[in-house]
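Colleague: Coordinates in input_16.tsv, TSV, C-alpha atoms, are listed below.
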```
chain	number	residue	atom	x	y	z
L	1	MET	CA	133.90	189.91	-72.07
L	2	PHE	CA	132.94	192.34	-74.84
L	3	SER	CA	134.12	192.21	-78.43
L	4	HIS	CA	132.85	195.68	-79.30
L	5	ILE	CA	130.51	198.52	-78.42
L	6	MET	CA	128.61	200.41	-81.12
L	7	ILE	CA	126.56	203.55	-80.60
L	8	GLY	CA	124.49	205.58	-83.03
L	9	THR	CA	125.30	208.96	-84.47
L	10	ASN	CA	123.44	211.40	-86.67
L	11	ASP	CA	126.64	213.01	-88.04
L	12	LEU	CA	129.44	210.57	-88.84
L	13	ASP	CA	132.02	213.25	-89.68
L	14	LYS	CA	131.46	215.17	-86.44
L	15	ALA	CA	131.45	211.96	-84.38
L	16	LYS	CA	134.75	210.83	-85.95
L	17	ALA	CA	136.46	214.16	-85.33
L	18	PHE	CA	135.14	214.21	-81.74
L	19	TYR	CA	136.13	210.65	-80.82
L	20	ASP	CA	139.51	210.85	-82.58
L	21	LYS	CA	140.38	213.66	-80.15
L	22	VAL	CA	138.74	212.17	-77.05
L	23	LEU	CA	139.96	208.60	-77.51
L	24	GLY	CA	143.40	209.91	-78.44
L	25	THR	CA	143.78	211.05	-74.81
L	26	ILE	CA	143.74	207.38	-73.74
L	27	GLY	CA	146.08	206.19	-76.49
L	28	VAL	CA	143.56	204.99	-79.08
L	29	PRO	CA	144.59	205.64	-82.70
L	30	PRO	CA	142.23	207.54	-85.05
L	31	GLY	CA	139.14	205.69	-86.22
L	32	ARG	CA	138.71	204.12	-89.63
L	33	VAL	CA	135.62	204.85	-91.70
L	34	ASP	CA	133.73	201.93	-93.21
L	35	ARG	CA	130.70	203.17	-95.18
L	36	HIS	CA	128.28	204.44	-92.50
L	37	ARG	CA	130.44	203.50	-89.48
L	38	VAL	CA	133.71	204.43	-87.80
L	39	PHE	CA	135.79	201.88	-85.87
L	40	TRP	CA	138.45	202.52	-83.21
L	41	ARG	CA	140.39	199.30	-82.55
L	42	THR	CA	142.59	198.40	-79.59
L	43	PRO	CA	144.15	195.10	-78.47
L	44	THR	CA	141.33	194.71	-75.93
L	45	GLY	CA	138.28	195.59	-78.00
L	46	MET	CA	136.59	197.94	-80.41
L	47	PHE	CA	134.43	201.05	-80.12
L	48	SER	CA	132.30	202.17	-83.04
L	49	VAL	CA	129.80	204.82	-84.07
L	50	SER	CA	127.29	204.16	-86.82
L	51	LYS	CA	124.49	205.86	-88.66
L	52	PRO	CA	121.42	203.70	-87.93
L	53	ILE	CA	120.93	201.07	-90.60
L	54	ASP	CA	117.14	201.50	-90.48
L	55	GLY	CA	117.47	205.13	-91.64
L	56	LYS	CA	115.82	206.54	-88.52
L	57	PRO	CA	117.57	209.11	-86.29
L	58	ALA	CA	120.10	207.84	-83.76
L	59	THR	CA	119.02	208.16	-80.14
L	60	PHE	CA	120.89	207.49	-76.90
L	61	ALA	CA	120.10	204.84	-74.30
L	62	ASN	CA	118.13	206.09	-71.32
L	63	GLY	CA	120.00	204.70	-68.31
L	64	GLY	CA	122.93	203.52	-70.41
L	65	THR	CA	126.57	204.48	-69.85
L	66	ILE	CA	129.70	203.51	-71.75
L	67	GLY	CA	132.82	203.57	-69.59
L	68	PHE	CA	136.39	203.81	-70.87
L	69	ALA	CA	139.27	202.55	-68.72
L	70	CYS	CA	141.88	205.18	-67.94
L	71	THR	CA	145.36	204.61	-66.53
L	72	SER	CA	145.22	207.47	-64.01
L	73	PRO	CA	142.93	210.15	-62.60
L	74	GLU	CA	144.81	212.67	-64.75
L	75	GLN	CA	144.10	210.67	-67.90
L	76	ALA	CA	140.40	210.39	-66.99
L	77	LYS	CA	140.25	214.16	-66.43
L	78	SER	CA	142.00	214.82	-69.76
L	79	PHE	CA	139.54	212.42	-71.47
L	80	HIS	CA	136.63	214.40	-69.99
L	81	ASP	CA	138.11	217.85	-70.55
L	82	THR	CA	138.99	217.08	-74.18
L	83	ALA	CA	135.41	215.93	-74.76
L	84	VAL	CA	133.95	219.10	-73.22
L	85	ALA	CA	136.37	221.30	-75.20
L	86	ASN	CA	135.07	219.63	-78.37
L	87	GLY	CA	131.35	220.07	-77.75
L	88	ALA	CA	130.41	217.48	-75.11
L	89	LYS	CA	128.43	218.44	-72.01
L	90	SER	CA	129.84	217.64	-68.56
L	91	ILE	CA	127.21	215.87	-66.47
L	92	GLU	CA	126.64	214.60	-62.94
L	93	ASP	CA	129.25	215.63	-60.38
L	94	PRO	CA	132.49	217.23	-61.58
L	95	PRO	CA	135.25	214.70	-62.36
L	96	GLY	CA	136.66	213.28	-59.15
L	97	VAL	CA	137.03	210.43	-56.68
L	98	ARG	CA	133.92	208.56	-55.53
L	99	GLU	CA	133.79	205.86	-52.87
L	100	GLY	CA	131.29	203.04	-52.76
L	101	ALA	CA	130.89	199.29	-52.78
L	102	ALA	CA	133.41	199.05	-55.66
L	103	GLY	CA	136.04	200.95	-53.64
L	104	LYS	CA	137.65	204.23	-54.67
L	105	ILE	CA	137.23	205.18	-58.30
L	106	TYR	CA	137.86	208.37	-60.26
L	107	LEU	CA	134.91	209.14	-62.53
L	108	ALA	CA	134.45	211.77	-65.24
L	109	TYR	CA	131.07	211.79	-67.04
L	110	PHE	CA	129.90	213.64	-70.15
L	111	ARG	CA	127.31	213.42	-72.90
L	112	ASP	CA	128.78	213.23	-76.40
L	113	LEU	CA	127.55	215.16	-79.44
L	114	ASP	CA	124.63	212.74	-79.91
L	115	GLY	CA	123.68	212.61	-76.20
L	116	ASN	CA	125.34	209.29	-75.34
L	117	LYS	CA	126.50	209.08	-71.72
L	118	ILE	CA	130.25	208.42	-71.61
L	119	CYS	CA	132.54	207.96	-68.61
L	120	GLY	CA	136.30	208.00	-68.11
L	121	LEU	CA	137.05	205.68	-65.16
L	122	HIS	CA	140.18	204.92	-63.16
L	123	ARG	CA	140.13	202.38	-60.31
L	124	ILE	CA	142.27	203.59	-57.40
L	125	GLY	CA	144.33	201.03	-55.50
```
Mind converting the file's structure to structure tokens?
Modeller:
Amino acid sequence: MFSHIMIGTNDLDKAKAFYDKVLGTIGVPPGRVDRHRVFWRTPTGMFSVSKPIDGKPATFANGGTIGFACTSPEQAKSFHDTAVANGAKSIEDPPGVREGAAGKIYLAYFRDLDGNKICGLHRIG
């Protein structure tokens, strides 16, 4: 459904170092810098961070979340824990299983260095 997701950053170097480590936990190779952006490519899509083209500060979406598919609860926890160890802030409930209309899912939420809400998600069963 999606070709790519791009979020803003105010510090490209810090964002690259952060996401190289965090996305590495789910098998994504290091990002490639292209002027004011960094791209992480996979066979199923692309994630990118960019300095805003309009020159204004990057801000995060109020109510927005970007979720990354994980292959297991352990991988989702590693994704989260690596983010927190590199400056992210753990938010909402601690990583764990939640049950709802979508069934059982393992969720691990954090805010990245620029305040973007990120989630590692594994669907159970």
Colleague: Determine, counting all atoms listed in the file, which protein, DNA and RNA residues have an atom within 12 Å of an atom of segment 53-62 of chain L; residues of the same chain fewer than 5 positions away are not included. Present the result as a list in words.
Modeller: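 Listed by chain and then number, they are Met6, Ile7, Gly8, Thr9, Asn10, Asp11, Leu12, Arg35, His36, Arg37, Arg111, Asp112, Leu113, Asp114, Gly115, Asn116, Lys117 and Ile118 of chain L.
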Colleague: If I take atom CA of His80 of chain L and atom CA of Ile66 of chain L, how far is one from the other in Å, to one decimal?
Modeller: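 Answer for the atom CA of His80 of chain L to atom CA of Ile66 of chain L separation: 13.0 Å.
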Colleague: Counting all atoms listed in the file, what is within 9 Å of Ala108 of chain L, bar same-chain residues fewer than 3 positions away, as a ChimeraX atom specification?
Modeller: /L:76-77,79-81,90-96,118-121
Colleague: So which one's closest to Thr82 of chain L, L:Phe68, L:Phe18, L:Phe47, L:Trp40? Using all atoms listed in the file, please.
Modeller: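 Selected residue with least distance to Thr82 of chain L: L:Phe18.
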Colleague: For atom CA of Val38 of chain L and atom CA of Gly24 of chain L, determine how far apart the two atoms are, in Å to one decimal place.
Modeller: 14.5 Å
